[in-house]
Amino acid sequence: MASFLAWVHLVAAAVLVGGGAVVGFAVVPYARTLPELERAALLEGVGRRFRPVAWACLVVLFGTGLVALAGRGLPMAAVFRPEEVGGAFGRALAWKLLLFWVLVLLQAVQDLILAPLARRLVQEAYAAPPDARAERLGRAERVRRWTRWAHQGVALAGVGILYFAAVLVRS
């Protein structure tokens, strides 16, 4: 059973990090070559499709992580107070959990605030008179820049989590 849960944990991590890499390294660069409305529609569509997958992976990772901790004889509270575990394992767990919560926060900001705001600004820009369009598209581009930074933060946190997962396995 423990091997199966470890496998589920790894698959969820692979889907989350791999999916984010595909979006970041393939979809977004391609989208930059498209006209503004097509770019917004493509990114909105990909986001709408990947968002539930990403959040499902995060829930699976959290749940299987709790079970893995329990399997090592650690209390569930270790998720919120990993420093109490002590040693190299406790330090690696603390870093992995910190990066997990950073990833969750950045994913939430990206999905719930930045992406909808960028979409709304692009829609407003094309509904506005032509003389106001450039200013609104500029605002949308600034929000998209913040979205890219959030996405890059999610990716970096994911890679860091994978590193500390390897450390945990060796501890």
# chains A, B, ... in the order shown; residues from 1 in each chain; ligands from 1
>>> residues_around(residues="Leu58 of chain A", least_positions_apart="4", cutoff="12 Å", atoms="only C-alpha atoms", output="list in words")
Val8, His9, Leu10, Val11, Ala12, Ala13, Ala14, Val15, Leu16, Val17, Arg51, Pro52, Val53, Ala54, Phe62, Gly63, Thr64, Gly65, Phe100, Trp101, Leu103, Val104, Leu105, Gln107, Ala108, Val154 and Gly158 of chain A
>>> residues_around(residues="Glu83 of chain A", least_positions_apart="5", cutoff="9 Å", atoms="only C-alpha atoms", output="list in words")
Ala78, Gly90, Arg91, Leu93 and Ala94 of chain A
>>> write_last_selection(atoms="N, CA, C and O atoms", output="PDB file, in the first residue's frame")
ATOM      1  N   ALA A  78       2.999  17.389  12.087  1.00  0.00           N
ATOM      2  CA  ALA A  78       4.332  17.676  11.537  1.00  0.00           C
ATOM      3  C   ALA A  78       4.243  18.505  10.272  1.00  0.00           C
ATOM      4  O   ALA A  78       5.186  19.200   9.909  1.00  0.00           O
ATOM      5  N   GLY A  90      13.916  16.409   9.392  1.00  0.00           N
ATOM      6  CA  GLY A  90      13.056  17.527   9.788  1.00  0.00           C
ATOM      7  C   GLY A  90      13.360  18.796   9.010  1.00  0.00           C
ATOM      8  O   GLY A  90      12.447  19.518   8.609  1.00  0.00           O
ATOM      9  N   ARG A  91      14.658  19.067   8.786  1.00  0.00           N
ATOM     10  CA  ARG A  91      15.025  20.262   8.011  1.00  0.00           C
ATOM     11  C   ARG A  91      14.545  20.146   6.564  1.00  0.00           C
ATOM     12  O   ARG A  91      13.995  21.080   6.003  1.00  0.00           O
ATOM     13  N   LEU A  93      12.125  18.265   5.457  1.00  0.00           N
ATOM     14  CA  LEU A  93      10.662  18.322   5.489  1.00  0.00           C
ATOM     15  C   LEU A  93      10.184  19.764   5.632  1.00  0.00           C
ATOM     16  O   LEU A  93       9.239  20.178   4.946  1.00  0.00           O
ATOM     17  N   ALA A  94      10.850  20.531   6.488  1.00  0.00           N
ATOM     18  CA  ALA A  94      10.458  21.931   6.677  1.00  0.00           C
ATOM     19  C   ALA A  94      10.601  22.717   5.371  1.00  0.00           C
ATOM     20  O   ALA A  94       9.706  23.479   4.997  1.00  0.00           O
TER      21      ALA A  94
END
>>> select_by_dssp(residues="segment 4-155 of chain A", states="alpha helix (DSSP H)", output="PyMOL selection string")
chain A and resi 4-22+28-31+36-71+87-109+115-127+130-155
>>> closest_residue(among="A:Leu114, A:Ala2, A:Ala31, A:Ala92", to="Val67 of chain A", atoms="only C-alpha atoms")
A:Ala2
>>> closest_residue(among="A:Trp7, A:Phe80, A:Tyr163, A:Phe25", to="His151 of chain A", atoms="only C-alpha atoms")
A:Phe25
>>> atom_distance(atom1="atom CA of Thr147 of chain A", atom2="atom CA of Asp111 of chain A")
8.9 Å
>>> closest_residue(among="A:Leu5, A:Leu61, A:Val109, A:Val85", to="Gly153 of chain A", atoms="only C-alpha atoms")
A:Val109
>>> closest_residue(among="A:Val167, A:Ala6, A:Ala115, A:Ala132", to="Leu66 of chain A", atoms="only C-alpha atoms")
A:Ala6
>>> closest_residue(among="A:Val23, A:Leu42, A:Leu121, A:Trp146", to="Arg133 of chain A", atoms="only C-alpha atoms")
A:Leu121
>>> atom_distance(atom1="atom CA of Arg144 of chain A", atom2="atom CA of Val59 of chain A")
26.3 Å
>>> closest_residue(among="A:Ala56, A:Met76, A:Arg48, A:Arg148", to="Val28 of chain A", atoms="only C-alpha atoms")
A:Arg148
>>> residues_around(residues="Leu99 of chain A", least_positions_apart="6", cutoff="7 Å", atoms="only C-alpha atoms", output="CSV table (one decimal) with N, CA and C atoms, in the first residue's frame")
chain,number,residue,atom,x,y,z
A,157,ALA,N,9.4,26.7,-7.2
A,157,ALA,CA,9.0,26.0,-6.0
A,157,ALA,C,8.9,24.5,-6.2
A,160,GLY,N,12.2,22.9,-6.4
A,160,GLY,CA,12.8,22.8,-5.1
A,160,GLY,C,12.1,21.7,-4.2
A,161,ILE,N,10.8,21.6,-4.4
A,161,ILE,CA,10.1,20.5,-3.7
A,161,ILE,C,10.7,19.1,-4.1
>>> atom_distance(atom1="atom CA of Ala140 of chain A", atom2="atom CA of Ala118 of chain A")
5.0 Å
>>> residues_around(residues="Glu135 of chain A", least_positions_apart="6", cutoff="12 Å", atoms="only C-alpha atoms", output="PDB file with N, CA and C atoms, in the first residue's frame")
ATOM      1  N   LEU A 121      -9.075  42.820 -18.416  1.00  0.00           N
ATOM      2  CA  LEU A 121      -8.465  44.014 -19.005  1.00  0.00           C
ATOM      3  C   LEU A 121      -8.387  43.922 -20.527  1.00  0.00           C
ATOM      4  N   VAL A 122      -8.079  42.734 -21.043  1.00  0.00           N
ATOM      5  CA  VAL A 122      -8.041  42.562 -22.506  1.00  0.00           C
ATOM      6  C   VAL A 122      -9.445  42.725 -23.080  1.00  0.00           C
ATOM      7  N   GLU A 124     -11.930  44.429 -21.806  1.00  0.00           N
ATOM      8  CA  GLU A 124     -12.292  45.851 -21.705  1.00  0.00           C
ATOM      9  C   GLU A 124     -11.575  46.680 -22.762  1.00  0.00           C
ATOM     10  N   ALA A 125     -10.330  46.323 -23.044  1.00  0.00           N
ATOM     11  CA  ALA A 125      -9.563  47.075 -24.040  1.00  0.00           C
ATOM     12  C   ALA A 125     -10.224  46.992 -25.406  1.00  0.00           C
ATOM     13  N   TYR A 126     -10.683  45.819 -25.778  1.00  0.00           N
ATOM     14  CA  TYR A 126     -11.294  45.675 -27.099  1.00  0.00           C
ATOM     15  C   TYR A 126     -12.733  46.177 -27.140  1.00  0.00           C
ATOM     16  N   ALA A 128     -13.407  49.016 -25.524  1.00  0.00           N
ATOM     17  CA  ALA A 128     -13.224  50.463 -25.351  1.00  0.00           C
ATOM     18  C   ALA A 128     -13.014  51.136 -26.700  1.00  0.00           C
ATOM     19  N   PRO A 129     -13.180  52.440 -26.737  1.00  0.00           N
ATOM     20  CA  PRO A 129     -12.873  53.187 -27.970  1.00  0.00           C
ATOM     21  C   PRO A 129     -11.399  52.999 -28.341  1.00  0.00           C
ATOM     22  N   GLU A 141      -0.867  43.889 -20.135  1.00  0.00           N
ATOM     23  CA  GLU A 141       0.484  43.338 -20.283  1.00  0.00           C
ATOM     24  C   GLU A 141       1.244  43.363 -18.962  1.00  0.00           C
ATOM     25  N   ARG A 142       1.069  44.412 -18.173  1.00  0.00           N
ATOM     26  CA  ARG A 142       1.720  44.472 -16.852  1.00  0.00           C
ATOM     27  C   ARG A 142       1.186  43.361 -15.941  1.00  0.00           C
TER      28      ARG A 142
END
>>> decode(residues="segment 38-154 of chain A", atoms="C-alpha atoms", output="compact mmCIF listing (two decimals), in the first residue's frame")
# COMPACT_ATOMS: atom_id res chain seq x y z
CA GLU A 38 -6.13 35.00 -29.86
CA ARG A 39 -3.33 34.99 -27.26
CA ALA A 40 -5.78 35.84 -24.49
CA ALA A 41 -8.20 33.13 -25.68
CA LEU A 42 -5.46 30.49 -25.91
CA LEU A 43 -4.03 31.24 -22.47
CA GLU A 44 -7.51 31.43 -20.95
CA GLY A 45 -8.44 28.08 -22.52
CA VAL A 46 -5.25 26.33 -21.41
CA GLY A 47 -5.59 27.82 -17.94
CA ARG A 48 -9.23 26.75 -17.68
CA ARG A 49 -8.29 23.18 -18.67
CA PHE A 50 -5.13 22.85 -16.56
CA ARG A 51 -6.32 24.68 -13.42
CA PRO A 52 -8.51 21.82 -12.08
CA VAL A 53 -5.76 19.30 -12.86
CA ALA A 54 -3.20 21.40 -10.96
CA TRP A 55 -5.46 21.83 -7.93
CA ALA A 56 -6.35 18.12 -7.94
CA CYS A 57 -2.62 17.31 -7.96
CA LEU A 58 -2.04 19.66 -5.03
CA VAL A 59 -4.81 17.97 -3.03
CA VAL A 60 -3.44 14.51 -3.88
CA LEU A 61 0.09 15.61 -2.96
CA PHE A 62 -1.07 16.98 0.38
CA GLY A 63 -3.12 13.87 1.19
CA THR A 64 -0.52 11.33 0.16
CA GLY A 65 2.14 13.38 1.95
CA LEU A 66 0.13 13.18 5.18
CA VAL A 67 -0.19 9.41 4.77
CA ALA A 68 3.56 9.12 4.10
CA LEU A 69 4.33 11.05 7.28
CA ALA A 70 1.98 8.81 9.27
CA GLY A 71 3.71 5.79 7.70
CA ARG A 72 6.98 7.03 9.19
CA GLY A 73 5.33 7.30 12.58
CA LEU A 74 5.13 11.09 12.51
CA PRO A 75 2.05 12.96 13.69
CA MET A 76 -0.06 14.81 11.12
CA ALA A 77 0.81 18.01 13.00
CA ALA A 78 4.33 17.68 11.54
CA VAL A 79 2.91 19.27 8.39
CA PHE A 80 2.45 22.52 10.31
CA ARG A 81 5.40 22.15 12.71
CA PRO A 82 8.10 20.18 10.85
CA GLU A 83 10.86 21.72 12.99
CA GLU A 84 9.70 19.46 15.81
CA VAL A 85 10.74 16.41 13.79
CA GLY A 86 14.41 17.38 14.11
CA GLY A 87 17.53 16.25 12.29
CA ALA A 88 18.25 16.29 8.57
CA PHE A 89 14.83 14.76 7.86
CA GLY A 90 13.06 17.53 9.79
CA ARG A 91 15.03 20.26 8.01
CA ALA A 92 14.33 18.78 4.57
CA LEU A 93 10.66 18.32 5.49
CA ALA A 94 10.46 21.93 6.68
CA TRP A 95 11.90 23.22 3.40
CA LYS A 96 9.69 20.95 1.31
CA LEU A 97 6.58 22.07 3.17
CA LEU A 98 7.57 25.74 3.03
CA LEU A 99 8.00 25.49 -0.73
CA PHE A 100 4.70 23.58 -1.01
CA TRP A 101 2.82 26.37 0.78
CA VAL A 102 4.61 29.01 -1.34
CA LEU A 103 3.58 27.07 -4.44
CA VAL A 104 -0.05 26.87 -3.26
CA LEU A 105 -0.09 30.61 -2.50
CA LEU A 106 1.42 31.56 -5.87
CA GLN A 107 -0.92 29.19 -7.72
CA ALA A 108 -3.90 30.75 -5.94
CA VAL A 109 -2.76 34.30 -6.73
CA GLN A 110 -2.19 33.35 -10.35
CA ASP A 111 -5.49 31.48 -10.78
CA LEU A 112 -7.83 33.60 -8.68
CA ILE A 113 -6.48 37.13 -9.10
CA LEU A 114 -3.97 37.68 -11.91
CA ALA A 115 -5.34 35.52 -14.73
CA PRO A 116 -8.95 36.76 -14.37
CA LEU A 117 -7.74 40.37 -14.10
CA ALA A 118 -5.62 40.07 -17.27
CA ARG A 119 -8.54 38.49 -19.13
CA ARG A 120 -10.91 41.26 -18.00
CA LEU A 121 -8.46 44.01 -19.00
CA VAL A 122 -8.04 42.56 -22.51
CA GLN A 123 -11.80 42.26 -22.93
CA GLU A 124 -12.29 45.85 -21.70
CA ALA A 125 -9.56 47.07 -24.04
CA TYR A 126 -11.29 45.67 -27.10
CA ALA A 127 -14.66 46.96 -25.93
CA ALA A 128 -13.22 50.46 -25.35
CA PRO A 129 -12.87 53.19 -27.97
CA PRO A 130 -9.70 52.81 -30.06
CA ASP A 131 -8.00 55.79 -28.39
CA ALA A 132 -8.27 54.11 -24.93
CA ARG A 133 -7.31 50.63 -26.15
CA ALA A 134 -3.50 50.99 -26.00
CA GLU A 135 -3.51 52.15 -22.38
CA ARG A 136 -5.73 49.24 -21.30
CA LEU A 137 -3.69 46.72 -23.25
CA GLY A 138 -0.60 48.10 -21.51
CA ARG A 139 -2.25 47.46 -18.14
CA ALA A 140 -3.14 43.94 -19.26
CA GLU A 141 0.48 43.34 -20.28
CA ARG A 142 1.72 44.47 -16.85
CA VAL A 143 -0.70 42.06 -15.18
CA ARG A 144 0.45 39.28 -17.53
CA ARG A 145 4.04 40.03 -16.49
CA TRP A 146 3.04 39.48 -12.85
CA THR A 147 1.29 36.29 -13.94
CA ARG A 148 4.48 35.07 -15.62
CA TRP A 149 6.47 35.80 -12.46
CA ALA A 150 3.91 33.89 -10.39
CA HIS A 151 4.11 30.98 -12.85
CA GLN A 152 7.91 31.02 -12.70
CA GLY A 153 7.71 31.07 -8.89
CA VAL A 154 5.43 28.04 -8.99
